[in-house]
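Data from my_file.pdb: PDB, C-alpha atoms
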```
MODEL        1
ATOM      1  CA  SER A   1      82.157  86.782 139.208
ATOM      2  CA  GLU A   2      85.878  86.582 139.785
ATOM      3  CA  GLY A   3      87.793  89.345 138.016
ATOM      4  CA  SER A   4      84.739  91.520 137.521
ATOM      5  CA  GLN A   5      84.885  95.083 138.788
ATOM      6  CA  LYS A   6      82.291  96.474 141.132
ATOM      7  CA  THR A   7      81.626 100.122 141.799
ATOM      8  CA  SER A   8      81.561 100.906 145.490
ATOM      9  CA  PRO A   9      78.543 102.799 146.859
ATOM     10  CA  ALA A  10      80.835 105.663 147.858
ATOM     11  CA  ARG A  11      82.259 106.016 144.367
ATOM     12  CA  ARG A  12      78.848 105.588 142.768
ATOM     13  CA  ASN A  13      77.268 108.201 145.033
ATOM     14  CA  GLY A  14      80.223 110.523 144.528
ATOM     15  CA  GLY A  15      79.844 110.280 140.764
ATOM     16  CA  ASP A  16      76.123 110.957 141.049
ATOM     17  CA  LEU A  17      76.860 113.966 143.217
ATOM     18  CA  LEU A  18      79.376 115.385 140.727
ATOM     19  CA  SER A  19      76.930 114.916 137.882
ATOM     20  CA  HIS A  20      74.230 116.613 139.912
ATOM     21  CA  LEU A  21      76.488 119.552 140.788
ATOM     22  CA  ARG A  22      77.615 119.983 137.187
ATOM     23  CA  ALA A  23      74.001 120.016 136.004
ATOM     24  CA  GLU A  24      72.945 122.389 138.782
ATOM     25  CA  TYR A  25      75.650 124.966 138.048
ATOM     26  CA  LEU A  26      75.652 124.649 134.276
ATOM     27  CA  ARG A  27      74.899 128.029 132.702
ATOM     28  CA  GLU A  28      72.175 128.194 130.078
ATOM     29  CA  ARG A  29      73.457 129.990 126.984
ATOM     30  CA  LEU A  30      76.679 131.758 126.055
ATOM     31  CA  LEU A  31      77.151 134.362 123.357
ATOM     32  CA  ASP A  32      80.842 134.668 122.468
ATOM     33  CA  ILE A  33      81.362 137.888 120.508
ATOM     34  CA  GLY A  34      84.258 137.790 118.065
ATOM     35  CA  ALA A  35      85.076 134.162 118.812
ATOM     36  CA  GLY A  36      87.905 133.864 116.279
ATOM     37  CA  THR A  37      88.807 130.219 115.728
ATOM     38  CA  GLY A  38      86.955 129.200 118.887
ATOM     39  CA  SER A  39      90.041 128.131 120.834
ATOM     40  CA  VAL A  40      88.865 129.961 123.967
ATOM     41  CA  THR A  41      85.214 129.166 123.285
ATOM     42  CA  ASP A  42      86.150 125.483 123.310
ATOM     43  CA  ARG A  43      87.259 125.877 126.944
ATOM     44  CA  LEU A  44      84.004 127.612 127.890
ATOM     45  CA  ARG A  45      81.715 125.272 125.988
ATOM     46  CA  PRO A  46      81.414 122.536 128.673
ATOM     47  CA  LEU A  47      80.070 125.125 131.137
ATOM     48  CA  PHE A  48      76.975 125.939 129.049
ATOM     49  CA  ARG A  49      74.018 124.086 127.643
ATOM     50  CA  ASP A  50      74.173 126.092 124.398
ATOM     51  CA  VAL A  51      76.795 128.326 122.795
ATOM     52  CA  ASP A  52      76.382 130.876 120.005
ATOM     53  CA  VAL A  53      79.301 132.735 118.444
ATOM     54  CA  THR A  54      79.715 135.829 116.276
ATOM     55  CA  GLU A  55      82.455 136.536 113.759
ATOM     56  CA  VAL A  56      83.036 138.601 110.619
ATOM     57  CA  SER A  57      86.067 136.728 109.256
ATOM     58  CA  VAL A  58      85.019 134.179 106.623
ATOM     59  CA  PRO A  59      87.876 131.713 107.356
ATOM     60  CA  MET A  60      87.189 131.886 111.091
ATOM     61  CA  LEU A  61      83.465 131.379 110.515
ATOM     62  CA  SER A  62      84.317 128.256 108.539
ATOM     63  CA  THR A  63      86.449 126.956 111.419
ATOM     64  CA  LEU A  64      83.692 127.671 113.944
ATOM     65  CA  ARG A  65      81.101 125.884 111.803
ATOM     66  CA  SER A  66      83.387 122.868 111.508
ATOM     67  CA  LYS A  67      83.274 122.719 115.319
ATOM     68  CA  LYS A  68      79.450 122.683 115.180
ATOM     69  CA  TYR A  69      78.960 126.116 116.732
ATOM     70  CA  ARG A  70      75.840 128.093 115.902
ATOM     71  CA  THR A  71      77.442 131.025 114.110
ATOM     72  CA  VAL A  72      76.135 134.520 113.507
ATOM     73  CA  GLU A  73      77.970 136.601 110.922
ATOM     74  CA  THR A  74      77.671 140.109 112.302
ATOM     75  CA  ALA A  75      79.677 142.968 113.778
ATOM     76  CA  ASP A  76      76.540 144.617 115.177
ATOM     77  CA  VAL A  77      75.033 142.458 117.909
ATOM     78  CA  GLY A  78      72.561 145.195 118.825
ATOM     79  CA  SER A  79      70.607 145.115 115.564
ATOM     80  CA  CYS A  80      71.094 141.443 114.672
ATOM     81  CA  SER A  81      67.662 139.798 114.581
ATOM     82  CA  GLU A  82      69.023 136.332 115.461
ATOM     83  CA  ILE A  83      70.638 137.638 118.634
ATOM     84  CA  ARG A  84      67.685 139.847 119.590
ATOM     85  CA  ALA A  85      65.415 136.807 119.311
ATOM     86  CA  SER A  86      67.566 134.839 121.773
ATOM     87  CA  GLN A  87      68.318 135.138 125.466
ATOM     88  CA  TYR A  88      71.809 134.771 126.893
ATOM     89  CA  ASP A  89      72.727 134.516 130.552
ATOM     90  CA  THR A  90      76.407 135.043 129.721
ATOM     91  CA  VAL A  91      78.160 137.165 127.098
ATOM     92  CA  ALA A  92      81.898 136.811 126.441
ATOM     93  CA  CYS A  93      83.752 139.688 124.813
ATOM     94  CA  LEU A  94      87.380 138.656 124.874
ATOM     95  CA  ASN A  95      89.936 141.051 123.396
ATOM     96  CA  VAL A  96      87.425 142.532 120.994
ATOM     97  CA  LEU A  97      87.051 146.124 122.254
ATOM     98  CA  ASP A  98      90.466 147.116 120.922
ATOM     99  CA  ARG A  99      89.768 145.675 117.465
ATOM    100  CA  CYS A 100      86.236 146.876 116.731
ATOM    101  CA  ASP A 101      85.127 150.152 115.182
ATOM    102  CA  LYS A 102      82.578 151.098 117.852
ATOM    103  CA  PRO A 103      83.687 149.707 121.229
ATOM    104  CA  ILE A 104      81.498 152.016 123.321
ATOM    105  CA  SER A 105      78.432 151.048 121.304
ATOM    106  CA  LEU A 106      79.370 147.391 121.744
ATOM    107  CA  LEU A 107      79.428 147.819 125.528
ATOM    108  CA  HIS A 108      75.938 149.326 125.338
ATOM    109  CA  GLN A 109      74.701 146.443 123.170
ATOM    110  CA  ILE A 110      76.088 143.835 125.565
ATOM    111  CA  ARG A 111      74.375 145.593 128.460
ATOM    112  CA  GLU A 112      71.055 145.454 126.583
ATOM    113  CA  ILE A 113      71.503 141.690 126.071
ATOM    114  CA  LEU A 114      72.092 141.199 129.808
ATOM    115  CA  LEU A 115      69.097 143.340 130.758
ATOM    116  CA  ARG A 116      66.881 141.522 128.264
ATOM    117  CA  TYR A 117      67.721 138.192 129.880
ATOM    118  CA  GLU A 118      67.271 139.462 133.437
ATOM    119  CA  GLY A 119      64.013 141.175 132.558
ATOM    120  CA  GLY A 120      62.648 138.040 130.920
ATOM    121  CA  THR A 121      63.764 135.507 133.530
ATOM    122  CA  GLY A 122      64.442 137.378 136.762
ATOM    123  CA  LEU A 123      67.815 135.625 136.899
ATOM    124  CA  PRO A 124      71.272 137.241 136.805
ATOM    125  CA  ALA A 125      73.237 137.571 133.564
ATOM    126  CA  TYR A 126      76.961 138.198 133.301
ATOM    127  CA  CYS A 127      79.536 139.563 130.892
ATOM    128  CA  ILE A 128      83.105 138.269 130.774
ATOM    129  CA  LEU A 129      85.177 141.089 129.309
ATOM    130  CA  ALA A 130      88.877 140.864 128.454
ATOM    131  CA  CYS A 131      91.119 143.788 127.481
ATOM    132  CA  VAL A 132      94.832 143.789 126.767
ATOM    133  CA  ILE A 133      96.874 146.360 128.679
ATOM    134  CA  PRO A 134      98.392 148.490 127.126
ATOM    135  CA  PHE A 135      95.100 149.180 125.359
ATOM    136  CA  CYS A 136      95.975 149.949 121.716
ATOM    137  CA  PRO A 137      92.796 150.065 119.612
ATOM    138  CA  PHE A 138      92.782 149.910 115.823
ATOM    139  CA  VAL A 139      90.646 148.459 113.048
ATOM    140  CA  GLU A 140      92.058 146.474 110.159
ATOM    141  CA  SER A 141      91.105 147.931 106.787
ATOM    142  CA  GLY A 142      92.766 145.743 104.196
ATOM    143  CA  PRO A 143      96.519 146.030 104.820
ATOM    144  CA  LEU A 144      96.049 149.174 106.929
ATOM    145  CA  GLN A 145      95.467 149.692 110.631
ATOM    146  CA  VAL A 146      93.151 152.660 111.128
ATOM    147  CA  PRO A 147      91.742 154.306 114.290
ATOM    148  CA  PRO A 148      88.224 153.218 115.305
ATOM    149  CA  SER A 149      85.397 155.691 114.838
ATOM    150  CA  GLU A 150      84.691 155.570 118.596
ATOM    151  CA  SER A 151      87.704 156.416 120.721
ATOM    152  CA  MET A 152      88.502 154.727 124.026
ATOM    153  CA  ARG A 153      91.581 156.138 125.733
ATOM    154  CA  LEU A 154      93.147 155.208 129.056
ATOM    155  CA  ALA A 155      95.127 157.905 130.860
ATOM    156  CA  HIS A 156      97.485 155.315 132.365
ATOM    157  CA  ASN A 157      98.173 152.913 129.533
ATOM    158  CA  SER A 158     101.245 150.782 130.116
ATOM    159  CA  VAL A 159     102.281 147.493 131.673
ATOM    160  CA  GLU A 160     103.917 149.435 134.497
ATOM    161  CA  THR A 161     100.625 151.181 135.330
ATOM    162  CA  PHE A 162      98.364 148.148 134.881
ATOM    163  CA  GLU A 163      96.301 148.764 138.013
ATOM    164  CA  LEU A 164      95.783 152.432 137.112
ATOM    165  CA  ALA A 165      94.784 151.458 133.576
ATOM    166  CA  VAL A 166      92.199 149.053 134.999
ATOM    167  CA  ASN A 167      90.873 151.864 137.193
ATOM    168  CA  ASP A 168      90.624 154.089 134.105
ATOM    169  CA  MET A 169      88.643 151.413 132.253
ATOM    170  CA  VAL A 170      86.296 150.956 135.196
ATOM    171  CA  ASN A 171      85.790 154.624 136.103
ATOM    172  CA  ASP A 172      85.739 156.089 132.591
ATOM    173  CA  TYR A 173      83.796 153.428 130.691
ATOM    174  CA  LEU A 174      82.343 150.502 132.651
ATOM    175  CA  LEU A 175      80.656 152.298 135.552
ATOM    176  CA  PRO A 176      79.368 155.203 133.423
ATOM    177  CA  GLY A 177      78.336 152.624 130.814
ATOM    178  CA  GLY A 178      75.919 151.001 133.247
ATOM    179  CA  TYR A 179      77.951 148.091 134.572
ATOM    180  CA  GLU A 180      78.658 146.701 138.015
ATOM    181  CA  VAL A 181      82.159 145.216 138.316
ATOM    182  CA  LEU A 182      82.050 141.943 140.248
ATOM    183  CA  ALA A 183      85.635 140.743 139.795
ATOM    184  CA  VAL A 184      88.894 141.633 138.053
ATOM    185  CA  SER A 185      91.847 139.359 137.275
ATOM    186  CA  ARG A 186      95.254 139.899 135.681
ATOM    187  CA  VAL A 187      96.452 137.111 133.385
ATOM    188  CA  PRO A 188      99.218 136.794 130.771
ATOM    189  CA  TYR A 189      98.392 137.429 127.130
ATOM    190  CA  ILE A 190     100.690 136.094 124.418
ATOM    191  CA  SER A 191     100.446 137.617 120.945
ATOM    192  CA  ILE A 192     102.333 135.972 118.072
ATOM    193  CA  GLU A 193     102.750 138.275 115.079
ATOM    194  CA  ASP A 194     106.099 139.225 113.517
ATOM    195  CA  THR A 195     107.501 138.433 116.942
ATOM    196  CA  VAL A 196     106.180 137.164 120.276
ATOM    197  CA  TYR A 197     104.671 139.741 122.631
ATOM    198  CA  ILE A 198     103.916 138.899 126.247
ATOM    199  CA  LEU A 199     101.353 141.364 127.563
ATOM    200  CA  ASP A 200      98.787 141.539 130.360
ATOM    201  CA  ASN A 201      95.090 140.845 130.037
ATOM    202  CA  ALA A 202      92.529 142.382 132.364
ATOM    203  CA  ILE A 203      89.544 140.054 132.813
ATOM    204  CA  PHE A 204      86.366 141.644 134.168
ATOM    205  CA  VAL A 205      83.211 139.883 135.349
ATOM    206  CA  LEU A 206      80.328 142.331 134.949
ATOM    207  CA  ARG A 207      76.615 142.696 135.505
ATOM    208  CA  ALA A 208      74.339 145.388 134.155
ATOM    209  CA  SER A 209      73.653 147.921 136.900
ATOM    210  CA  ALA A 210      70.386 149.708 137.470
ATOM    211  CA  ILE A 211      71.735 153.140 136.554
ATOM    212  CA  ASN A 212      71.199 154.740 133.164
ATOM    213  CA  PRO A 213      74.489 155.065 131.266
ATOM    214  CA  PHE A 214      75.372 158.565 130.137
ATOM    215  CA  LEU A 215      78.088 157.687 127.610
TER     216      LEU A 215
ENDMDL
END
```
What would you get if you wrote out this structure as structure tokens?
Amino acid sequence: SEGSQKTSPARRNGGDLLSHLRAEYLRERLLDIGAGTGSVTDRLRPLFRDVDVTEVSVPMLSTLRSKKYRTVETADVGSCSEIRASQYDTVACLNVLDRCDKPISLLHQIREILLRYEGGTGLPAYCILACVIPFCPFVESGPLQVPPSESMRLAHNSVETFELAVNDMVNDYLLPGGYEVLAVSRVPYISIEDTVYILDNAIFVLRASAINPFL
């Protein structure tokens, strides 16, 4: 009828194609470790069929639950029964290594999650890892900032030596820890505390390699 809108075959087929492509490349299940308030997880969510998050902060867990995320309250993903009972084709660990007590153990646990998925499905699994450079690890203990029990140190640890710091992370921890580095990006990181800090974030895309880690 006059005034009615019709969808052209080209537009209709194009829409079908986009829907098909989105469904074809949609990842299965994301585990976001230390998701905070979920502001970054929200951006990743449309790329996955299911998303699980971990946190230890009670207020942040409440925020995540209000967003309808499946939440797991744990700082130890390796021994958590809920996580061990699930399979994840992608693990996000975004700016967590410098704020957890056992960062090297966490890298091992993430690798086990990736291997468990690949062993069960025969399909690739990936880790998205983000680290702020300079890398300044500490753990909050009440009002105090204390050193983590596992030490990760970068020989070249400044904004001016960003590329060398990334090499240190790769050669000293990721490769020996049983990872294959697929891609690295440098992006801005803005931290708002008593003042505003503009730092650099190194984003790694990783897969578990076949070698046995010796760390």
Quiz prompt | Separation of CA of Gly34 in chain A from CA of Leu164 in chain A in Å | solution =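 Separation of CA of Leu164 in chain A and CA of Gly34 in chain A: 26.6 Å.
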Selection: 8 Å around Leu94 in chain A, only C-alpha atoms, excl. self and same-chain fewer than 6 positions, as a PDB file with C-alpha atoms, in the frame of the given file:
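Generated output (out22.pdb):
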```pdb
ATOM      1  CA  ILE A  33      81.362 137.888 120.508  1.00  0.00           C
ATOM      2  CA  GLY A  34      84.258 137.790 118.065  1.00  0.00           C
ATOM      3  CA  ALA A  35      85.076 134.162 118.812  1.00  0.00           C
ATOM      4  CA  ILE A 128      83.105 138.269 130.774  1.00  0.00           C
ATOM      5  CA  LEU A 129      85.177 141.089 129.309  1.00  0.00           C
ATOM      6  CA  ALA A 130      88.877 140.864 128.454  1.00  0.00           C
ATOM      7  CA  CYS A 131      91.119 143.788 127.481  1.00  0.00           C
TER       8      CYS A 131
END
```
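Going from CA of Thr121 in chain A to CA of Arg207 in chain A covers 14.9 Å.
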Practice problem: Run the PyMOL selection byres ((chain A and resi 91) around 6) mentally over the shown coordinates, then write out the matched residues as a ChimeraX atom specification, using the chain letters and numbers from the document. | Solution: /A:30-32,90,92,127
Spatial sel., origin (80.0, 137.5, 110.5), limit 8 Å, all atoms listed in the file, listed as a JSON list (two decimals) with C-alpha atoms, in the frame of the given file:
```
[["chain", "number", "residue", "atom", "x", "y", "z"],
["A", 54, "THR", "CA", 79.72, 135.83, 116.28],
["A", 55, "GLU", "CA", 82.46, 136.54, 113.76],
["A", 56, "VAL", "CA", 83.04, 138.60, 110.62],
["A", 57, "SER", "CA", 86.07, 136.73, 109.26],
["A", 58, "VAL", "CA", 85.02, 134.18, 106.62],
["A", 61, "LEU", "CA", 83.46, 131.38, 110.52],
["A", 71, "THR", "CA", 77.44, 131.02, 114.11],
["A", 72, "VAL", "CA", 76.14, 134.52, 113.51],
["A", 73, "GLU", "CA", 77.97, 136.60, 110.92],
["A", 74, "THR", "CA", 77.67, 140.11, 112.30],
["A", 75, "ALA", "CA", 79.68, 142.97, 113.78]]
```
Quiz prompt | Selected residue, from A:Val187, A:Val181, A:Leu114, A:Leu174, that lies nearest to Phe162 in chain A when counting all atoms listed in the file | solution = A:Val187
Exercise. Write out as a VMD selection string which residues come within 6 Å of Pro148 in chain A when counting all atoms listed in the file, dropping same-chain ones fewer than 5 positions away.
Key: chain A and resid 101 138 to 139
Save out the residues we just selected, C-alpha atoms, as a PDB file, keeping the file's coordinate frame.
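New file part07.pdb:
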```pdb
ATOM      1  CA  ASP A 101      85.127 150.152 115.182  1.00  0.00           C
ATOM      2  CA  PHE A 138      92.782 149.910 115.823  1.00  0.00           C
ATOM      3  CA  VAL A 139      90.646 148.459 113.048  1.00  0.00           C
TER       4      VAL A 139
END
```
Quiz item: For Asp168 in chain A, which residue among A:Tyr197, A:Ala208, A:Tyr189, A:Phe135 is the nearest when counting all atoms listed in the file?
Solution: A:Phe135
Name the residues that the PyMOL selection byres ((chain A and resi 136) around 10) pulls out of this structure, and write them as a short mmCIF file (atom, residue, chain, number, x, y, z; two decimals) with C-alpha atoms, in the coordinates of the input.
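Wrote result-v2.cif, looks like this:
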```cif
data_model
loop_
_atom_site.label_atom_id
_atom_site.label_comp_id
_atom_site.auth_asym_id
_atom_site.auth_seq_id
_atom_site.Cartn_x
_atom_site.Cartn_y
_atom_site.Cartn_z
CA LEU A 97 87.05 146.12 122.25
CA ASP A 98 90.47 147.12 120.92
CA ARG A 99 89.77 145.68 117.46
CA CYS A 131 91.12 143.79 127.48
CA VAL A 132 94.83 143.79 126.77
CA ILE A 133 96.87 146.36 128.68
CA PRO A 134 98.39 148.49 127.13
CA PHE A 135 95.10 149.18 125.36
CA PRO A 137 92.80 150.06 119.61
CA PHE A 138 92.78 149.91 115.82
CA PRO A 147 91.74 154.31 114.29
CA MET A 152 88.50 154.73 124.03
CA ARG A 153 91.58 156.14 125.73
CA LEU A 154 93.15 155.21 129.06
CA ASN A 157 98.17 152.91 129.53
CA SER A 158 101.24 150.78 130.12
#
```
Exercise. Take the PyMOL selection byres ((chain A and resi 38) around 9), apply it to the structure above, and return the hits as number ranges by chain.
Key: A: 32, 35-37, 39-43, 53, 60, 63-64, 67, 69
Quiz item: CA of Arg27 in chain A to CA of Asn201 in chain A: how many Å, to one decimal?
Solution: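 Here the two named atoms are 24.1 Å from each other.
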Practice problem: Using all atoms listed in the file, pick whichever of A:Arg84, A:His156, A:Arg111, A:Arg45 has the shortest atom-to-atom distance to Leu175 in chain A. | Solution: A:Arg111
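The nearest approach to Leu206 in chain A among the residues A:Glu140, A:Glu160, A:Asp89, A:Glu180, with all atoms listed in the file taken into account, belongs to A:Glu180.
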Self-check item: Top pick for closest residue to Val77 in chain A, considering A:Cys93, A:Leu106, A:Ala125, A:Val205 and counting only C-alpha atoms
Solution: A:Leu106
Exercise. Would you mind telling me which residue in A:Val96, A:Leu107, A:Asp52, A:Asn167 lies nearest to Arg65 in chain A when using all atoms listed in the file?
Key: A:Asp52
The centre and edge lengths of an axis-aligned box containing all atoms of range 134-152 of chain A present in the file, extended by 3 Å on each side, are to be given in Å to one decimal, as JSON.
```
{"center_x": 91.5, "center_y": 151.1, "center_z": 115.7, "size_x": 19.7, "size_y": 16.7, "size_z": 28.9}
```
Quiz prompt | Contacts of Arg29 in chain A within 7 Å, all atoms listed in the file, excl. fewer than 3 positions in-chain, as a VMD selection string | solution = chain A and resid 48 to 51 88 to 90
Step by step: locate range 146-180 of chain A in the block above, keep C-alpha atoms, then write the file as an mmCIF file, in the first residue's frame.
```cif
data_model
loop_
_atom_site.group_PDB
_atom_site.id
_atom_site.type_symbol
_atom_site.label_atom_id
_atom_site.label_comp_id
_atom_site.auth_asym_id
_atom_site.auth_seq_id
_atom_site.Cartn_x
_atom_site.Cartn_y
_atom_site.Cartn_z
ATOM 1 C CA VAL A 146 51.786 -4.860 50.437
ATOM 2 C CA PRO A 147 54.032 -6.816 48.025
ATOM 3 C CA PRO A 148 52.508 -9.984 46.531
ATOM 4 C CA SER A 149 53.822 -13.323 47.735
ATOM 5 C CA GLU A 150 54.883 -14.177 44.159
ATOM 6 C CA SER A 151 57.188 -11.604 42.619
ATOM 7 C CA MET A 152 57.071 -10.579 38.965
ATOM 8 C CA ARG A 153 59.749 -8.064 38.021
ATOM 9 C CA LEU A 154 60.519 -6.494 34.660
ATOM 10 C CA ALA A 155 64.099 -5.378 34.040
ATOM 11 C CA HIS A 156 62.933 -2.517 31.807
ATOM 12 C CA ASN A 157 59.940 -1.080 33.608
ATOM 13 C CA SER A 158 59.038 2.401 32.431
ATOM 14 C CA VAL A 159 56.920 4.165 29.838
ATOM 15 C CA GLU A 160 60.102 5.089 27.981
ATOM 16 C CA THR A 161 61.111 1.417 27.691
ATOM 17 C CA PHE A 162 57.644 0.043 26.914
ATOM 18 C CA GLU A 163 58.787 -2.276 24.128
ATOM 19 C CA LEU A 164 61.616 -3.673 26.269
ATOM 20 C CA ALA A 165 59.211 -4.194 29.167
ATOM 21 C CA VAL A 166 56.895 -6.144 26.859
ATOM 22 C CA ASN A 167 59.860 -8.267 25.772
ATOM 23 C CA ASP A 168 60.678 -8.914 29.441
ATOM 24 C CA MET A 169 57.099 -10.034 30.112
ATOM 25 C CA VAL A 170 57.138 -12.340 27.102
ATOM 26 C CA ASN A 171 60.620 -13.823 27.560
ATOM 27 C CA ASP A 172 60.655 -14.060 31.358
ATOM 28 C CA TYR A 173 57.083 -15.144 32.080
ATOM 29 C CA LEU A 174 54.788 -15.898 29.134
ATOM 30 C CA LEU A 175 57.004 -18.146 27.006
ATOM 31 C CA PRO A 176 58.506 -20.022 29.981
ATOM 32 C CA GLY A 177 54.988 -20.211 31.435
ATOM 33 C CA GLY A 178 53.780 -22.256 28.475
ATOM 34 C CA TYR A 179 52.178 -19.617 26.280
ATOM 35 C CA GLU A 180 52.355 -18.764 22.602
#
```
